[in-house]
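Here the structure comes first, spelled out in structure tokens, and everything after it is commentary.
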Amino acid sequence: MNDVILFAILGVGAGAVYALLALGIVLIQKGTGAVNFSQGAIAGCAAIYFGVATSEGTPPLTAALTAIVVAGLGGLVFYVLVMRPLRQAPLLARIVTTLGLMLLLQGLATQVWQVPTVIAPAIFPTDSIELFGVMFGIDRLYLLATTVALTVLLWAVYRFTGFGRATRAAAENERGAALLGYSPDVIGAVNWMLGSMLAALAGVLFAPITALNIATLSLLVVPALAAALVGGFNSFGITTAVAVGIGMAQSLLTRFVTQPGINDALPFVIIVVLMIASGRLIPIRGSREVSRLPLAPAVTRRAVPLTAFAITVVLGLVLLNDTYRGGITTTLVMIILALSVVVVTGFVGQISLMQMAFAGIAAFILSKLAVEAGVPFPLPILLAAIIVVPFGMVLGLPALRVRGISLAVVTLGAAVAISSFVFGNVEWTGGADGSHVPSPELFGWSMDAVTHPVRFGLFALVVTLACLAGVLNIRMSAIGRRMLAVRSNERAASASGISVSRTKLQAFALSAFIAGVGGGVLGYQLGAVAFTRFVPIASISLLAVVYIGGVASAYGAVVAGVIANGGVVYVLLNSVEGISAWWIMLSGALLIFNAVIQPDGISVALGQQRDLIRSKLRRSVPPQRSAPSPTHA
Amino acid sequence: MLINRMTGVAAAALALTMGLAGCGSSDADTQKDPGSVSGPKGDPIVFYDITDATGLGAVSAAISQFTVGELAAQDYINENGGVGGRPIKIVKCDSKADPAATTACAQAAVNDKAVAKLGLSVAWGENGFPVIKRAGIPSLNPPVNPQDLQDGEGSFVTGGSSEYEAQVQYIGEELDARSLVVFTDENPSGQDHVTRVKAAVKNYGFDIDVQAVYLPAGTADPTPFVAKAVSSDPDAIMTNQSGAQAVSAYSAFAQQGYPAEQIFNQGGAADYESFFDKVDGSVSDGTMFAYAYENPDNTENADVKLYRDAMEKYAGREGKSEFYQWGFANVMTLADIAEEIGADKFDAASLKEFLTDVEDFPMFMAQPLSRSLSTKTAPAQLRPQIQILQYKDGKLETVRGWFNPYEAMK
């Protein structure tokens, strides 16, 4: 019994931090309608700054205030320059932009502080006290008290003050609030600022009891999002209670359950399942959902661009060295994976943060098929992709109950669960030994990606072309039109006789299949399957690069593959001393920049430029059968 | 309008960068970047240092010590005439603890016809190793991935392969322990850690109950895990936490009142820069380490003296950590092997052949390399000899000198 009390209390520390982050998420959602995925990264930067600054002699109070104030100002600037222009942008644009901020902050923190080995000074007393028969650090109680006090304060401010009423009004109906004289911009800016300050406060309070690692701290946003989701992105009290509950549950699971990964995944999975079962959604803001969707341009000519793409790849494989050949092959694999995002997110509008999980499941199945069952290359790629389709359909079921931001959080939870329960399962993935993939051979020819990079590259090209052609055909087919109809307006689509449920599940099944193909090709490229490729952050990064390329365009997937980690651009930059280290930061900055400037993606922008040039050329050349101009007359 | 918006976003990004850069930590003034000494004009001997220098998954800044040690050795060798007229050239590639970046580095090493892979890369086993193994390039990655120890055809482990076994032997013989907790990472490497400890307990014939406490990669607060580890009051705790994680975990152990002299770690954690100098003596005093190189505080040893002088001269640092020593020793020993083979014949194939059959070849600052010392479970290990050091009163003391932990096994 004592252990139950002790471990529940020990979990209060993490729970309190989750709560502060979640409260910030709620403020930002209330004020602007955006869900801030970078909340953990802001906390991480604040924590690391606090630790480093105090270790260099800055007084703790000064360092803490600096971190909180700078975070607040940063949040304000970010809202004014980035989020405000995106007020009418697609929902996905706003989500992806905060993911971009997360990557940007992670990259910056890594560049500026590397992996600091400093200890942040304790904010609260750390003396041990005895309560209910167990000994523990009193700092846990201070953390809890601080969080509860802030929760009550926020509740009072948002219930009884004019600003609070204005925020609540804007959350219900932004246009209505504007008509009453409340400025949505001011409301948004102040809430972003307060939300960022809460994140920084969480980081500062947590710094003394955590390793100051930006990657770890950024992922604090996952349980915080779960708590905010249960609180309906509205209730401060429920959000705090659930967040503290998650922290306590994780700690108790640590004590009493030995299954690896369960303490990370189980609380989150239970919450997500409850949310799906109850069908509760994030409240829809009055004027937000009318924002336009990413362009999904029609593709009438397919042969010419695909041929040009194929010729470019072949020339690259033949003419360049092995380093670039490897980069080209990685690009091709990433194009396939990106196409899976285009289908489910671009065409049907279902924000999925679990695509790399599908690829991972397929890759491990491929290993079993190739090594244990002896299925010859390349059949395991196809079989593994087919086997992963039911996974896609089952994991796509939540999309029938929730959509938008809710679905993004749910799929992120699914990715966490798969990573913990499936990839963390030693029996299935080989654990320490890993999962091996034999060197591929076709008709007696070695297709090994290292010893015969051109041959393997050509094979990857064929698979990529097949996937590209398939997705292009889907876009122009009846299925593609149904998908776009569902994306535009589910009720209208349903009224037109389209089965929304079937269309969504078709999309998840197709995208899982394509992701499975990508995972399979990746397995053969590497000769081994590493679960590290398929962790949740990999799915987030994939969505990010696809968004940059153009999430609703198959050619956007090509751009995504080119700029993806390990792809051609990466190899090029990696060859330049000093640039490669900035890769994460650059991709984050590019993501934000792209969301603001060209929310439809690079490929769509290039297409528009091409059309513009064509129309100008047409105008400059006199049409043959046109009527004679007055000067000719 | 568009240009204004673009300018605004760019200005914000620049301001953020400058603001954060302004509060970045700075290295000590005395430190300098090694690797600038030009050697003889011959065809360079290229080694690839593939290390997690940066990146989100990089668990410790100390990993980069490998690179610094290697470059200091490169400078030392090149300043002294190189190897048979050929300079040593170490090409750095940052694997960023990222699978895709690790694969890209391995492909670059193959393209540049590297003689060997050096440095420490945590995602190496499944993302980089298969690539260079197929190209016939020997991998000298420290045994952080299962493949590093278990693949005797492509991997050649020059140290640190018996740390867990050495700790178990010491705990069983000197502490007469009956209970042991392995406090380790929740990943394949951590699972391998537990498997090896259990196997070692069995093979030594000890009656020790072994429990595992896995620390998930995303754990922000290790306190509940530390509480679980000490809840059964074990006779010893073995851990593999280093750098920032070690600081956090050892502080939590101290808070829970667990004696430091009963906590055993790998040599990589015995690091003045990122651990001993960062924590209060009450946290680190008495901590125990299995250490694969000469005690860096023992400057009476000629190799250690040469090493410490070279580190001071070329890198401006004391170099009192196993990772610095490991990087330095690898390059010095490879240079000796190149002399043995003949500088003109020295390439990946000849090195691989040499290491496959090596017997009693001197390793700088350590015990000799011998293929005959490899075991069935660790065929890649060439040097299991190790020491047990204890950090006490501000310095490392050798509490058990060189021994081979496998000799006492059944």
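Naming works like this for the structure tokens: A, B, ... for the chains as they're shown, residue 1 at the start of each chain, ligands 1 onward in shown order.
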- Leu108 of chain A surroundings by only C-alpha atoms, 7 Å radius, close-in-sequence under 3 positions cut, as a PyMOL selection string: (chain A and resi 104-105+111-112+585) or (chain B and resi 17)
- segment 56-211 of chain B: which residues are strand (DSSP E) by DSSP, as an NGL selection string? :B and (88-94 or 116-118 or 179-185 or 209-211)
Got time to write the residues from that selection, C-alpha atoms, as a tab-separated table (two decimals), in the first residue's frame?
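Final output, saved to selection_14.tsv:
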chain	number	residue	atom	x	y	z
B	88	ILE	CA	46.31	10.05	-41.39
B	89	LYS	CA	43.11	11.74	-42.50
B	90	ILE	CA	40.03	11.43	-40.33
B	91	VAL	CA	36.82	12.46	-42.08
B	92	LYS	CA	34.09	13.49	-39.68
B	93	CYS	CA	30.48	12.56	-40.44
B	94	ASP	CA	27.75	13.49	-37.97
B	116	ALA	CA	37.82	1.77	-41.12
B	117	LYS	CA	34.82	3.22	-39.32
B	118	LEU	CA	35.70	4.93	-36.06
B	179	SER	CA	20.50	-8.99	-5.28
B	180	LEU	CA	21.20	-6.75	-8.24
B	181	VAL	CA	19.16	-4.24	-10.20
B	182	VAL	CA	20.06	-3.37	-13.79
B	183	PHE	CA	18.93	0.22	-14.38
B	184	THR	CA	19.15	0.64	-18.11
B	185	ASP	CA	17.65	2.18	-21.22
B	209	ASP	CA	18.69	-12.25	-8.06
B	210	VAL	CA	18.71	-9.89	-11.06
B	211	GLN	CA	15.89	-7.41	-11.64
- Message: Quick one: residues within 6 Å of segment 354-368 of chain A, only C-alpha atoms, excluding same-chain residues fewer than 3 positions away - as an MDAnalysis selection string?
- Response: chainID A and resid 371:372 380 384:385 388 411 415 437 512 515:516 519:520 523 534 539
Dump of C-alpha atoms for the selected residues, as a PDB file, in the first residue's frame:
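Result went into again-v3.pdb, see below:
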ATOM      1  CA  VAL A 371      14.271 -14.567 -43.425  1.00  0.00           C
ATOM      2  CA  GLU A 372      11.999 -17.095 -41.718  1.00  0.00           C
ATOM      3  CA  PRO A 380       7.932  -9.881 -49.453  1.00  0.00           C
ATOM      4  CA  ALA A 384       3.978  -7.187 -46.324  1.00  0.00           C
ATOM      5  CA  ALA A 385       2.146  -4.222 -47.819  1.00  0.00           C
ATOM      6  CA  VAL A 388      -0.489  -4.146 -43.319  1.00  0.00           C
ATOM      7  CA  THR A 411      -3.310   9.017 -34.554  1.00  0.00           C
ATOM      8  CA  ALA A 415       1.770   5.831 -33.195  1.00  0.00           C
ATOM      9  CA  VAL A 437      16.647  -8.535 -44.218  1.00  0.00           C
ATOM     10  CA  ALA A 512      -1.267   1.817 -45.316  1.00  0.00           C
ATOM     11  CA  ALA A 515       3.420   3.067 -46.630  1.00  0.00           C
ATOM     12  CA  GLY A 516       3.945  -0.680 -46.380  1.00  0.00           C
ATOM     13  CA  GLY A 519       8.771   0.293 -45.470  1.00  0.00           C
ATOM     14  CA  GLY A 520       9.573  -2.835 -47.446  1.00  0.00           C
ATOM     15  CA  GLY A 523      14.155  -2.703 -45.304  1.00  0.00           C
ATOM     16  CA  PHE A 534       9.435   4.337 -37.351  1.00  0.00           C
ATOM     17  CA  SER A 539       5.690  10.289 -38.709  1.00  0.00           C
TER      18      SER A 539
END
- Message: With DSSP run on the backbone, what are the helix (DSSP H, G or I) residues within segment 53-265 of chain B? I'd like them as a PyMOL selection string.
- Response: chain B and resi 61-79+99-111+124-127+129-134+146-150+163-174+188-204+223-231+243-255+260-262
- Task: Show which residues sit within 7 Å of segment 324-326 of chain A, as JSON, numbers by chain. Count only C-alpha atoms, and ignore same-chain residues fewer than 4 positions away.
- Result: {"A": [317, 320, 330, 453, 568, 571], "B": [107]}
Could you dump the residues just selected with C-alpha atoms as a PDB file, in the first residue's frame?
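This is the output file out-v7.pdb:
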ATOM      1  CA  LEU A 317      22.118   6.938 -60.568  1.00  0.00           C
ATOM      2  CA  LEU A 320      26.824  10.418 -59.673  1.00  0.00           C
ATOM      3  CA  THR A 330      16.464   7.249 -49.993  1.00  0.00           C
ATOM      4  CA  PRO A 453      23.557   0.743 -55.855  1.00  0.00           C
ATOM      5  CA  VAL A 568      19.327  14.157 -52.259  1.00  0.00           C
ATOM      6  CA  VAL A 571      23.330  14.568 -49.013  1.00  0.00           C
TER       7      VAL A 571
ATOM      8  CA  GLN B 107      27.346   5.403 -47.682  1.00  0.00           C
TER       9      GLN B 107
END
